[in-house]
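What follows is one structure encoded as structure tokens, with my remarks underneath.
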Amino acid sequence: MTEGMSGTTEMTDARRRLLEAGARIFASHGYSGTGVQQITDAAGANKAMLFYYFHTKDGIYDELLAEGITMLEEAVLKAETPADAPLAHRLRAFVGGMLNIVVEKPELARMLYREVTGGGESNRPAVVEHLSDCIQRLTIVLYAAMRADELAPDDPVLAAYSLFGMPVMFISSHFITGRPLEVPGLVEHIVKLFLEGLGRERVC
């Protein structure tokens with residue numbers, strides 16, 4: 001390996017370590033409780049390296065949030081495509097995608113959760129905007145399903161919030177209690193409840 005390639009690899013590795021350390025500390029202590037020195041110490045890097053890659057604490061925080069938002073948007077995409085797939089299949093993929101963010105990237109999930117449920121601790125309105133966009137996209141999916149007679153007629157906006165909210169409640173319980181998420185079982189429960197309901201009597 002040439003000297004130039006070695007230096008590039010070391011810098012890329014430092015960037016990765018800064019992101020990993022930042023995710024752990026932001027998730028544990030929140031935005032306001034996290035300092036640049038904490039991140040660099042945990043990453044085995046120096047402040048100059050963090051400023052080189054991210055410019056500020058806000059820069060690394062925003063990049064981590066963006067990664068979490070991308071995963072959320074990918075979950076919604078699973079509800080949208082392929083459009084000719086059975087609705088139940090797409091909804092399972094969507095719910096599983098949401099829950100698996102917590103399994104695959106727990107620190108990012110906790111950061112997003114804190115931003116949304118904590119009133120935006122670091123004042124990141126973009127997070128709420130992206131969340132609203134996800135709800136809107138899910139609304140379109142459910143509205144199309146109602147028109148195709150795959151779902152009973154209902155308010156598609158309320159239905160989208162209900163569907164989105166069910167996995168969020170289990171995620172909340174996970175963060176509060178520490179109990180593991182049993183993703184396959186939860187996916188089946190949520191989708192069955194959404195599509196079939198539990199009531200034995202017709203609601204007037």
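Just remember, in the structure tokens the first chain shown is A, the second B, etc., residues are 1-based per chain, and ligands are 1-based in the order shown.
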
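For Asp41 of chain A, the set of protein, DNA and RNA residues having any atom at most 10 Å away, when counting only C-alpha atoms and skipping those fewer than 6 positions along the same chain, is A:Leu18, A:Ala21, A:Lys47.
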
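Shell of segment 93-101 of chain A at 8 Å, with only C-alpha atoms counted and residues fewer than 4 places along the chain excluded, is Gly68, Met71, Leu72, Glu74, Ala75, Val76, Leu77, Lys78, Ala79, His89, Lys105, Pro106, Leu108, Ala109, Pro167, Ile171, Leu181, Val183, Pro184, Val187, Ile190 and Val191 of chain A.
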
With distances taken over only C-alpha atoms, the candidate from A:Gly178, A:Pro153, A:Gly30, A:Gly165 nearest Tyr61 of chain A is A:Gly30

Based on DSSP run over this structure's backbone, return all residues of chain A in helix (DSSP H, G or I), as a PDB file with C-alpha atoms, in the first residue's frame.
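Result file is states.pdb:
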```pdb
ATOM      1  CA  GLU A   3       1.862   6.119   1.664  1.00  0.00           C
ATOM      2  CA  GLY A   4      -0.974   8.178   0.186  1.00  0.00           C
ATOM      3  CA  MET A   5      -3.410   5.275   0.272  1.00  0.00           C
ATOM      4  CA  SER A   6      -2.430   4.484   3.854  1.00  0.00           C
ATOM      5  CA  GLY A   7      -3.100   8.056   4.928  1.00  0.00           C
ATOM      6  CA  THR A   8      -6.499   8.076   3.222  1.00  0.00           C
ATOM      7  CA  THR A   9      -7.458   4.815   4.922  1.00  0.00           C
ATOM      8  CA  GLU A  10      -6.468   6.159   8.320  1.00  0.00           C
ATOM      9  CA  MET A  11      -8.520   9.321   7.775  1.00  0.00           C
ATOM     10  CA  THR A  12     -11.555   7.322   6.628  1.00  0.00           C
ATOM     11  CA  ASP A  13     -11.225   5.077   9.674  1.00  0.00           C
ATOM     12  CA  ALA A  14     -11.063   8.122  11.946  1.00  0.00           C
ATOM     13  CA  ARG A  15     -14.242   9.489  10.388  1.00  0.00           C
ATOM     14  CA  ARG A  16     -16.032   6.194  10.973  1.00  0.00           C
ATOM     15  CA  ARG A  17     -14.834   6.061  14.592  1.00  0.00           C
ATOM     16  CA  LEU A  18     -16.044   9.620  15.179  1.00  0.00           C
ATOM     17  CA  LEU A  19     -19.495   8.758  13.829  1.00  0.00           C
ATOM     18  CA  GLU A  20     -19.718   5.590  15.919  1.00  0.00           C
ATOM     19  CA  ALA A  21     -18.593   7.378  19.064  1.00  0.00           C
ATOM     20  CA  GLY A  22     -20.907  10.304  18.377  1.00  0.00           C
ATOM     21  CA  ALA A  23     -23.894   7.991  17.934  1.00  0.00           C
ATOM     22  CA  ARG A  24     -23.195   6.223  21.240  1.00  0.00           C
ATOM     23  CA  ILE A  25     -22.740   9.407  23.246  1.00  0.00           C
ATOM     24  CA  PHE A  26     -25.583  11.405  21.689  1.00  0.00           C
ATOM     25  CA  ALA A  27     -27.894   8.436  22.261  1.00  0.00           C
ATOM     26  CA  SER A  28     -26.854   8.143  25.905  1.00  0.00           C
ATOM     27  CA  HIS A  29     -26.552  11.813  26.893  1.00  0.00           C
ATOM     28  CA  VAL A  36     -16.902  17.543  21.277  1.00  0.00           C
ATOM     29  CA  GLN A  37     -14.190  16.396  23.677  1.00  0.00           C
ATOM     30  CA  GLN A  38     -16.296  13.433  24.775  1.00  0.00           C
ATOM     31  CA  ILE A  39     -16.716  12.319  21.174  1.00  0.00           C
ATOM     32  CA  THR A  40     -13.086  12.699  20.222  1.00  0.00           C
ATOM     33  CA  ASP A  41     -11.865  10.958  23.372  1.00  0.00           C
ATOM     34  CA  ALA A  42     -14.204   8.016  22.749  1.00  0.00           C
ATOM     35  CA  ALA A  43     -13.142   7.847  19.111  1.00  0.00           C
ATOM     36  CA  LYS A  47     -10.802  17.867  17.743  1.00  0.00           C
ATOM     37  CA  ALA A  48      -9.058  18.950  14.562  1.00  0.00           C
ATOM     38  CA  MET A  49     -10.144  15.715  12.902  1.00  0.00           C
ATOM     39  CA  LEU A  50     -13.771  16.192  13.962  1.00  0.00           C
ATOM     40  CA  PHE A  51     -13.771  19.785  12.739  1.00  0.00           C
ATOM     41  CA  TYR A  52     -12.160  18.685   9.469  1.00  0.00           C
ATOM     42  CA  TYR A  53     -14.923  16.197   8.715  1.00  0.00           C
ATOM     43  CA  PHE A  54     -17.965  17.758  10.356  1.00  0.00           C
ATOM     44  CA  LYS A  57     -20.869  19.311  16.849  1.00  0.00           C
ATOM     45  CA  ASP A  58     -24.010  20.174  14.913  1.00  0.00           C
ATOM     46  CA  GLY A  59     -22.407  18.764  11.778  1.00  0.00           C
ATOM     47  CA  ILE A  60     -21.816  15.290  13.179  1.00  0.00           C
ATOM     48  CA  TYR A  61     -25.202  15.291  14.925  1.00  0.00           C
ATOM     49  CA  ASP A  62     -27.004  16.213  11.711  1.00  0.00           C
ATOM     50  CA  GLU A  63     -25.184  13.546   9.724  1.00  0.00           C
ATOM     51  CA  LEU A  64     -26.193  10.885  12.208  1.00  0.00           C
ATOM     52  CA  LEU A  65     -29.804  12.052  12.190  1.00  0.00           C
ATOM     53  CA  ALA A  66     -29.771  12.028   8.394  1.00  0.00           C
ATOM     54  CA  GLU A  67     -28.683   8.396   8.412  1.00  0.00           C
ATOM     55  CA  GLY A  68     -31.547   7.492  10.732  1.00  0.00           C
ATOM     56  CA  ILE A  69     -34.038   9.434   8.615  1.00  0.00           C
ATOM     57  CA  THR A  70     -32.830   7.612   5.504  1.00  0.00           C
ATOM     58  CA  MET A  71     -33.547   4.280   7.178  1.00  0.00           C
ATOM     59  CA  LEU A  72     -37.037   5.475   8.114  1.00  0.00           C
ATOM     60  CA  GLU A  73     -37.705   6.625   4.556  1.00  0.00           C
ATOM     61  CA  GLU A  74     -36.497   3.249   3.263  1.00  0.00           C
ATOM     62  CA  ALA A  75     -39.066   1.565   5.518  1.00  0.00           C
ATOM     63  CA  VAL A  76     -41.832   3.703   3.984  1.00  0.00           C
ATOM     64  CA  LEU A  77     -40.568   2.845   0.507  1.00  0.00           C
ATOM     65  CA  LYS A  78     -41.222  -0.804   1.324  1.00  0.00           C
ATOM     66  CA  ALA A  79     -44.911   0.062   1.782  1.00  0.00           C
ATOM     67  CA  GLU A  80     -44.943   1.776  -1.611  1.00  0.00           C
ATOM     68  CA  LEU A  87     -50.952  -4.872   0.643  1.00  0.00           C
ATOM     69  CA  ALA A  88     -50.308  -7.160   3.620  1.00  0.00           C
ATOM     70  CA  HIS A  89     -46.878  -8.018   2.236  1.00  0.00           C
ATOM     71  CA  ARG A  90     -45.957  -4.356   1.835  1.00  0.00           C
ATOM     72  CA  LEU A  91     -47.245  -3.424   5.272  1.00  0.00           C
ATOM     73  CA  ARG A  92     -45.249  -6.222   6.881  1.00  0.00           C
ATOM     74  CA  ALA A  93     -42.146  -4.948   5.118  1.00  0.00           C
ATOM     75  CA  PHE A  94     -42.862  -1.401   6.316  1.00  0.00           C
ATOM     76  CA  VAL A  95     -43.486  -2.328   9.960  1.00  0.00           C
ATOM     77  CA  GLY A  96     -40.487  -4.649   9.968  1.00  0.00           C
ATOM     78  CA  GLY A  97     -38.348  -1.899   8.470  1.00  0.00           C
ATOM     79  CA  MET A  98     -39.344   0.513  11.240  1.00  0.00           C
ATOM     80  CA  LEU A  99     -38.721  -1.960  14.049  1.00  0.00           C
ATOM     81  CA  ASN A 100     -35.443  -3.125  12.577  1.00  0.00           C
ATOM     82  CA  ILE A 101     -34.007   0.393  12.751  1.00  0.00           C
ATOM     83  CA  VAL A 102     -33.910  -0.149  16.511  1.00  0.00           C
ATOM     84  CA  VAL A 103     -32.308  -3.568  16.106  1.00  0.00           C
ATOM     85  CA  GLU A 104     -29.732  -2.562  13.497  1.00  0.00           C
ATOM     86  CA  PRO A 106     -30.172   1.422  18.180  1.00  0.00           C
ATOM     87  CA  GLU A 107     -28.235   4.639  18.785  1.00  0.00           C
ATOM     88  CA  LEU A 108     -29.662   6.355  15.704  1.00  0.00           C
ATOM     89  CA  ALA A 109     -33.144   5.140  16.595  1.00  0.00           C
ATOM     90  CA  ARG A 110     -32.835   6.597  20.090  1.00  0.00           C
ATOM     91  CA  MET A 111     -31.612   9.921  18.684  1.00  0.00           C
ATOM     92  CA  LEU A 112     -34.602  10.129  16.331  1.00  0.00           C
ATOM     93  CA  TYR A 113     -36.955   9.069  19.097  1.00  0.00           C
ATOM     94  CA  ARG A 114     -35.641  11.770  21.402  1.00  0.00           C
ATOM     95  CA  GLU A 115     -35.939  14.423  18.686  1.00  0.00           C
ATOM     96  CA  VAL A 116     -39.549  13.540  17.955  1.00  0.00           C
ATOM     97  CA  THR A 117     -40.912  12.735  21.414  1.00  0.00           C
ATOM     98  CA  PRO A 125     -37.427  20.931  12.592  1.00  0.00           C
ATOM     99  CA  ALA A 126     -36.163  18.973   9.590  1.00  0.00           C
ATOM    100  CA  VAL A 127     -36.702  15.760  11.555  1.00  0.00           C
ATOM    101  CA  VAL A 128     -40.392  16.555  12.060  1.00  0.00           C
ATOM    102  CA  GLU A 129     -40.671  17.607   8.416  1.00  0.00           C
ATOM    103  CA  HIS A 130     -39.273  14.279   7.243  1.00  0.00           C
ATOM    104  CA  LEU A 131     -41.585  12.450   9.636  1.00  0.00           C
ATOM    105  CA  SER A 132     -44.563  14.357   8.231  1.00  0.00           C
ATOM    106  CA  ASP A 133     -43.465  13.443   4.719  1.00  0.00           C
ATOM    107  CA  CYS A 134     -43.334   9.773   5.702  1.00  0.00           C
ATOM    108  CA  ILE A 135     -46.880   9.989   7.078  1.00  0.00           C
ATOM    109  CA  GLN A 136     -48.041  11.668   3.869  1.00  0.00           C
ATOM    110  CA  ARG A 137     -46.490   8.930   1.736  1.00  0.00           C
ATOM    111  CA  LEU A 138     -48.093   6.258   3.901  1.00  0.00           C
ATOM    112  CA  THR A 139     -51.426   8.070   3.564  1.00  0.00           C
ATOM    113  CA  ILE A 140     -51.187   7.806  -0.230  1.00  0.00           C
ATOM    114  CA  VAL A 141     -50.513   4.064   0.036  1.00  0.00           C
ATOM    115  CA  LEU A 142     -53.542   3.509   2.245  1.00  0.00           C
ATOM    116  CA  TYR A 143     -55.793   5.774   0.177  1.00  0.00           C
ATOM    117  CA  ALA A 144     -54.899   3.753  -2.937  1.00  0.00           C
ATOM    118  CA  ALA A 145     -55.674   0.537  -1.053  1.00  0.00           C
ATOM    119  CA  MET A 146     -59.080   1.907  -0.031  1.00  0.00           C
ATOM    120  CA  ARG A 147     -59.859   2.843  -3.610  1.00  0.00           C
ATOM    121  CA  PRO A 156     -56.541   7.627   5.151  1.00  0.00           C
ATOM    122  CA  VAL A 157     -54.680  10.274   7.159  1.00  0.00           C
ATOM    123  CA  LEU A 158     -55.919   8.907  10.483  1.00  0.00           C
ATOM    124  CA  ALA A 159     -55.254   5.382   9.272  1.00  0.00           C
ATOM    125  CA  ALA A 160     -51.671   6.326   8.358  1.00  0.00           C
ATOM    126  CA  TYR A 161     -51.044   7.865  11.780  1.00  0.00           C
ATOM    127  CA  SER A 162     -52.504   4.767  13.447  1.00  0.00           C
ATOM    128  CA  LEU A 163     -50.363   2.389  11.407  1.00  0.00           C
ATOM    129  CA  PHE A 164     -47.242   4.474  11.952  1.00  0.00           C
ATOM    130  CA  GLY A 165     -47.985   4.832  15.642  1.00  0.00           C
ATOM    131  CA  MET A 166     -48.295   1.157  16.488  1.00  0.00           C
ATOM    132  CA  PRO A 167     -44.631   0.220  15.977  1.00  0.00           C
ATOM    133  CA  VAL A 168     -43.634   3.520  17.607  1.00  0.00           C
ATOM    134  CA  MET A 169     -45.451   2.493  20.786  1.00  0.00           C
ATOM    135  CA  PHE A 170     -43.527  -0.779  20.935  1.00  0.00           C
ATOM    136  CA  ILE A 171     -40.305   1.115  20.274  1.00  0.00           C
ATOM    137  CA  SER A 172     -41.184   3.466  23.132  1.00  0.00           C
ATOM    138  CA  SER A 173     -41.755   0.512  25.440  1.00  0.00           C
ATOM    139  CA  HIS A 174     -38.410  -0.939  24.396  1.00  0.00           C
ATOM    140  CA  PHE A 175     -36.556   2.266  25.233  1.00  0.00           C
ATOM    141  CA  ILE A 176     -38.377   2.745  28.527  1.00  0.00           C
ATOM    142  CA  THR A 177     -38.270  -0.827  29.839  1.00  0.00           C
ATOM    143  CA  VAL A 183     -39.691  -8.154  15.557  1.00  0.00           C
ATOM    144  CA  PRO A 184     -41.303 -11.057  13.602  1.00  0.00           C
ATOM    145  CA  GLY A 185     -44.078 -11.505  16.157  1.00  0.00           C
ATOM    146  CA  LEU A 186     -44.722  -7.784  16.443  1.00  0.00           C
ATOM    147  CA  VAL A 187     -44.882  -7.395  12.671  1.00  0.00           C
ATOM    148  CA  GLU A 188     -47.561 -10.077  12.412  1.00  0.00           C
ATOM    149  CA  HIS A 189     -49.500  -8.682  15.376  1.00  0.00           C
ATOM    150  CA  ILE A 190     -49.505  -5.096  14.098  1.00  0.00           C
ATOM    151  CA  VAL A 191     -50.420  -5.936  10.512  1.00  0.00           C
ATOM    152  CA  LYS A 192     -53.139  -8.397  11.563  1.00  0.00           C
ATOM    153  CA  LEU A 193     -54.584  -5.863  13.994  1.00  0.00           C
ATOM    154  CA  PHE A 194     -54.514  -3.120  11.364  1.00  0.00           C
ATOM    155  CA  LEU A 195     -56.047  -5.204   8.589  1.00  0.00           C
ATOM    156  CA  GLU A 196     -58.502  -7.357  10.543  1.00  0.00           C
TER     157      GLU A 196
END
```
